[in-house]
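Asker: Take a look at this one; I'll ask things after.
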Amino acid sequence: MGVKVCKFGGSSLADAGQFRKVRAIIAADDERRYVVPSAPGKRNDHDQKVTDLLYLSHEHARQALPFDDVFARIRLRYTQLITDLNLDLDLSSQFDGIVLELSAGVSADYAASRGEFLNGQLMAALLGWPFVDPALCVVFDERGRLDTQATQRELSRTLGEHETAVVPGFYGSTPDGNIKTFSRGGSDITGSLVACAAGADVYENWTDVSGMLTTDPRIVDNPHNIEVVTYRELRELAYMGASVLHDEAVFPVREAGIPVNIRNTNDPDHPGTMIVGADHASCGDAGTVTGIAGRKNFTIIAIEKAMMNAQIGYGRRLLSVLEANDVSFEHMPSGIDTISVIVADGQLEGKLDTVLEEIRSECRPDTLDVHHDIALIATVGRGMSRQPGTAAKLFTALADAGVNIRMIDQGSSEMNIIVGVEAEDFELAVRVIYKAFIAASDL
Ligand code: ASP
């Protein structure tokens, strides 16, 4: 029998109705043997996530302010779930314990981790499965970095003792026994680690959308779903703002070659999106473009210098200025006598004048121009490299729409063409690229 590891996000566990859907999903497939729950999320737009309430309680406790009201809301979330689901579970002594710990000055990580810790117990009671505390098998080193090897060793050993288990997401512990959490959204990482340790055939990541969309639905109405995306395409799209999975969750499963299936708890029959390695069988029939994503708020610093191409170390001098000012850059397209760097505005905050001054003195450019309000759009597709005319089609679509292209960068992976456009043209550009490549496949 195969093994599927299922991570359920907070919105999939926000109330009893959602928990029942989760129970039905697990019951529908015997291979779903390990479950990684988040803490209860928002039930509606005005609600708060349990994790946020825990951070808030901790902050109040830290400032010696009363936190009874906030904590009462956390308590109520769980007791309501227990009552509505008719579970034989009493968490009251644990709540009392956490209140005492908060007053005694536990860490923020410890406080936040209790959301998953309690929800894991609830899920274990609902399914009648063993509860595995990740404090004992997700290992961080003394400096708080995940120790992947030790984690794989401990998790595999523990899971080997259980046919089925619930392993709460988001936290583990350091060698001295302190609880440490991942960054926000980190239950995705736990799910990925559990999938590796269990030697899973697939890591199902259950959320509230039916996988990834080919572009931003705020820009294009009802964009298509992505059926299959490679880990690398996902990285490129996620970097440009299309995010369905915590960045760090990709690496463990990618290394182990375990596909990730993004699924919708509210539409369990939808196949969602498969994230796979480039050598996976389902990769073969890729269209030209898998997805289009983009971000605003970039600046281009453009330099021109006669005979730049013959000057040894010119690029290095330019980049050292950025480095000295602790500025990272995104792209560096160059011509014969020109070179530009594209930098996210956040990186340049309060530093632009100094950076320009230092470029002037270090690089002695003939001209130095700054273009603000640039948006970058990545058109990503593993099918591109096999398809002549992709760039022509992209640029024609933009030209026909009257969009002026300020920068072009095709990564050497040939899987991604990035264009820089004026921020005001951003939405139009995304729409026309979508129309040229993805909507066109409908015809
Ligand atoms: N509950 C944590 C958070 O809100 C972790 C997670 O949901 O993945 O960030």
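In the structure tokens, chains take the letters A, B, ... in the order shown, each chain's residues start at 1, and ligands count up from 1 in the order shown.
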Please tabulate, as a Markdown table, the residues of region 20-62 of chain A that come within 12 Å of region 120-143 of chain A, each with its closest pair of atoms and the distance in Å to one decimal, counting only C-alpha atoms and ordering rows by chain, then residue number upward.

Answerer:
| residue | atom | partner | partner_atom | distance |
| --- | --- | --- | --- | --- |
| A:Arg20 | CA | A:Leu126 | CA | 9.0 |
| A:Lys21 | CA | A:Leu126 | CA | 11.8 |
| A:Val22 | CA | A:Met123 | CA | 9.4 |
| A:Arg23 | CA | A:Leu127 | CA | 6.9 |
| A:Ala24 | CA | A:Leu127 | CA | 10.1 |
| A:Ile25 | CA | A:Leu127 | CA | 11.3 |
| A:Ile26 | CA | A:Leu127 | CA | 8.6 |
| A:Ala27 | CA | A:Leu127 | CA | 9.0 |
| A:Arg32 | CA | A:Leu127 | CA | 11.7 |
| A:Arg33 | CA | A:Trp129 | CA | 9.4 |
| A:Tyr34 | CA | A:Trp129 | CA | 9.3 |
| A:Val35 | CA | A:Met123 | CA | 8.6 |
| A:Val36 | CA | A:Gly120 | CA | 7.7 |
| A:Pro37 | CA | A:Gly120 | CA | 6.2 |
| A:Ser38 | CA | A:Gly120 | CA | 8.0 |
| A:Ala39 | CA | A:Gly120 | CA | 8.1 |
| A:Pro40 | CA | A:Gly120 | CA | 10.3 |

Asker: May I have a table of the residues of chain A lying at most 9 Å from ligand 1, giving each one's closest pair of atoms and their distance in Å to one decimal, counting only C-alpha atoms and all ligand atoms, ordered by chain and ascending residue number, as a tab-separated table?

Answerer:
residue	atom	partner	partner_atom_place_in_ligand_line	distance
A:Phe8	CA	ligand 1	7 (O)	8.6
A:Gly9	CA	ligand 1	7 (O)	5.7
A:Gly10	CA	ligand 1	7 (O)	5.5
A:Ser11	CA	ligand 1	7 (O)	8.9
A:Pro37	CA	ligand 1	7 (O)	8.1
A:Ser38	CA	ligand 1	7 (O)	4.6
A:Ala39	CA	ligand 1	1 (N)	4.8
A:Pro40	CA	ligand 1	1 (N)	7.5
A:Gly41	CA	ligand 1	4 (O)	7.3
A:Lys49	CA	ligand 1	4 (O)	6.7
A:Val50	CA	ligand 1	1 (N)	7.4
A:Thr51	CA	ligand 1	4 (O)	5.1
A:Asp52	CA	ligand 1	4 (O)	6.9
A:Ala112	CA	ligand 1	1 (N)	7.6
A:Ser113	CA	ligand 1	1 (N)	7.7
A:Gly115	CA	ligand 1	1 (N)	6.7
A:Glu116	CA	ligand 1	1 (N)	6.6
A:Gly169	CA	ligand 1	8 (O)	6.6
A:Phe170	CA	ligand 1	5 (C)	5.1
A:Tyr171	CA	ligand 1	5 (C)	8.5
A:Thr181	CA	ligand 1	5 (C)	8.4
A:Phe182	CA	ligand 1	5 (C)	7.8
A:Ser183	CA	ligand 1	9 (O)	6.9
A:Arg184	CA	ligand 1	9 (O)	3.5
A:Gly185	CA	ligand 1	8 (O)	3.2
A:Gly186	CA	ligand 1	8 (O)	4.2
A:Ser187	CA	ligand 1	8 (O)	3.7
A:Asp188	CA	ligand 1	8 (O)	5.8
A:Ile189	CA	ligand 1	8 (O)	8.0
A:Thr190	CA	ligand 1	8 (O)	8.6
A:His246	CA	ligand 1	8 (O)	8.2

Asker: Could you turn the residues from that selection into a file that holds N, CA and C atoms, as a short mmCIF file (atom, residue, chain, number, x, y, z; two decimals), in the first residue's frame?

Answerer:
data_model
loop_
_atom_site.label_atom_id
_atom_site.label_comp_id
_atom_site.auth_asym_id
_atom_site.auth_seq_id
_atom_site.Cartn_x
_atom_site.Cartn_y
_atom_site.Cartn_z
N PHE A 8 -3.02 19.79 6.40
CA PHE A 8 -4.23 20.62 6.30
C PHE A 8 -3.93 22.00 6.87
N GLY A 9 -4.18 23.02 6.11
CA GLY A 9 -3.94 24.40 6.53
C GLY A 9 -5.04 24.88 7.48
N GLY A 10 -4.81 26.07 8.05
CA GLY A 10 -5.73 26.60 9.06
C GLY A 10 -7.16 26.76 8.58
N SER A 11 -7.35 27.18 7.33
CA SER A 11 -8.73 27.39 6.87
C SER A 11 -9.46 26.05 6.71
N PRO A 37 -1.60 18.74 10.81
CA PRO A 37 -2.53 19.88 10.88
C PRO A 37 -1.84 21.18 11.28
N SER A 38 -2.37 22.30 10.77
CA SER A 38 -2.03 23.64 11.26
C SER A 38 -2.92 23.93 12.47
N ALA A 39 -2.81 25.13 12.99
CA ALA A 39 -3.74 25.58 14.03
C ALA A 39 -5.02 26.08 13.35
N PRO A 40 -6.15 26.15 14.08
CA PRO A 40 -7.37 26.66 13.45
C PRO A 40 -7.19 28.06 12.86
N GLY A 41 -7.64 28.24 11.63
CA GLY A 41 -7.49 29.53 10.96
C GLY A 41 -8.75 30.36 11.10
N LYS A 49 -6.83 34.16 13.41
CA LYS A 49 -6.21 32.85 13.49
C LYS A 49 -5.78 32.58 14.92
N VAL A 50 -5.89 31.33 15.34
CA VAL A 50 -5.46 30.98 16.70
C VAL A 50 -3.98 31.36 16.90
N THR A 51 -3.15 31.14 15.88
CA THR A 51 -1.73 31.48 16.01
C THR A 51 -1.55 32.97 16.33
N ASP A 52 -2.33 33.82 15.66
CA ASP A 52 -2.22 35.26 15.93
C ASP A 52 -2.64 35.57 17.37
N ALA A 112 3.33 30.23 20.35
CA ALA A 112 2.69 30.03 19.05
C ALA A 112 2.52 28.55 18.73
N SER A 113 3.47 27.75 19.15
CA SER A 113 3.43 26.32 18.80
C SER A 113 2.24 25.61 19.44
N GLY A 115 -0.77 26.28 19.33
CA GLY A 115 -1.92 26.21 18.42
C GLY A 115 -1.96 24.88 17.69
N GLU A 116 -0.83 24.48 17.15
CA GLU A 116 -0.73 23.22 16.43
C GLU A 116 -0.74 22.05 17.40
N GLY A 169 1.97 20.53 12.75
CA GLY A 169 2.96 21.27 11.97
C GLY A 169 3.61 22.38 12.77
N PHE A 170 4.53 23.09 12.10
CA PHE A 170 5.02 24.41 12.53
C PHE A 170 6.16 24.42 13.53
N TYR A 171 6.37 23.35 14.31
CA TYR A 171 7.42 23.47 15.33
C TYR A 171 8.21 22.19 15.54
N THR A 181 9.83 27.38 16.37
CA THR A 181 8.89 27.27 15.24
C THR A 181 9.61 27.62 13.93
N PHE A 182 9.02 27.20 12.84
CA PHE A 182 9.45 27.70 11.53
C PHE A 182 8.88 29.11 11.38
N SER A 183 9.15 29.75 10.24
CA SER A 183 8.52 31.04 10.02
C SER A 183 7.03 30.81 9.72
N ARG A 184 6.28 31.89 9.64
CA ARG A 184 4.82 31.78 9.47
C ARG A 184 4.48 30.91 8.25
N GLY A 185 3.42 30.14 8.39
CA GLY A 185 3.03 29.24 7.31
C GLY A 185 3.86 27.97 7.29
N GLY A 186 4.65 27.77 8.35
CA GLY A 186 5.65 26.71 8.35
C GLY A 186 5.13 25.29 8.47
N SER A 187 3.84 25.10 8.69
CA SER A 187 3.34 23.71 8.73
C SER A 187 3.56 23.01 7.39
N ASP A 188 3.63 23.80 6.33
CA ASP A 188 3.96 23.24 5.01
C ASP A 188 5.31 22.52 5.05
N ILE A 189 6.24 23.10 5.81
CA ILE A 189 7.59 22.50 5.89
C ILE A 189 7.51 21.19 6.66
N THR A 190 6.78 21.20 7.78
CA THR A 190 6.62 19.95 8.54
C THR A 190 6.04 18.87 7.64
N HIS A 246 4.81 27.31 1.32
CA HIS A 246 5.95 27.96 1.96
C HIS A 246 7.20 27.62 1.13
#

Asker: Looking at A:Met332, A:Val419, A:Ala278, A:Pro66, which one is nearest to Val403 (chain A), with distances taken over only C-alpha atoms?

Answerer: A:Val419

Asker: Find the nearest atom pair between each residue of region 288-342 of chain A and region 204-226 of chain A for residues within 6 Å, count only C-alpha atoms, give distances in Å to one decimal, sort rows by chain and ascending number, and present the table as JSON lines.

Answerer:
{"residue": "A:Gly291", "atom": "CA", "partner": "A:Thr214", "partner_atom": "CA", "distance": 4.3}
{"residue": "A:Ile292", "atom": "CA", "partner": "A:Thr215", "partner_atom": "CA", "distance": 5.1}
{"residue": "A:Ala293", "atom": "CA", "partner": "A:Thr215", "partner_atom": "CA", "distance": 5.9}

Asker: Could you work out how far CA of Ala344 (chain A) lies from CA of Leu394 (chain A), giving the answer in Å with one decimal?

Answerer: 23.7 Å

Asker: When DSSP is applied to the backbone of this structure, which of region 207-242 of chain A are assigned strand (DSSP E)? Write them out as a list in words.

Answerer: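 Written out, the strand (DSSP E) residues of region 207-242 of chain A are Thr207, Val228, Val229 and Thr230 of chain A.
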
Asker: With only C-alpha atoms as the basis for distance, which of A:Pro388, A:Glu101, A:Asp247, A:Ala16 is at the shortest distance from Gln80 (chain A)?

Answerer: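 Answer, going by the shortest atom-to-atom distance: A:Ala16.
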
Asker: Rank nothing, just name the residue among A:Arg43, A:Arg157, A:His270, A:Arg406 nearest to Ile342 (chain A), using only C-alpha atoms.

Answerer: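 Using only C-alpha atoms, the shortest distance to Ile342 (chain A) belongs to A:Arg406.
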
Asker: Rounded to one decimal, what separation in Å do you get between CA of Gly105 (chain A) and CA of Thr79 (chain A)?

Answerer: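 A separation of 24.9 Å between them.
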
Asker: Using only C-alpha atoms, pick whichever of A:Asp15, A:Asp201, A:Glu236, A:Asp109 has the shortest atom-to-atom distance to Gly257 (chain A).

Answerer: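 Comparing A:Asp15, A:Asp201, A:Glu236, A:Asp109 against Gly257 (chain A), the winner is A:Asp201.
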
Asker: Between A:Leu245, A:Ala392, A:Leu85, A:Ile377, which one has atoms that come closest to Arg263 (chain A), using only C-alpha atoms?

Answerer: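 Going through A:Leu245, A:Ala392, A:Leu85, A:Ile377 one by one, the smallest distance to Arg263 (chain A) is for A:Leu245.
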
Asker: One decimal, in Å: what's the spacing between CA of Leu91 (chain A) and CA of Tyr78 (chain A)?

Answerer: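 Taking CA of Leu91 (chain A) as the start and CA of Tyr78 (chain A) as the end point, the length is 8.3 Å.
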
Asker: Please give the complete set of residues from region 117-306 of chain A that DSSP, run on the backbone, assigns to helix (DSSP H, G or I), formatted as a VMD selection string.

Answerer: chain A and resid 117 to 127 134 to 136 148 to 160 187 to 197 231 to 239 247 to 256 281 to 283
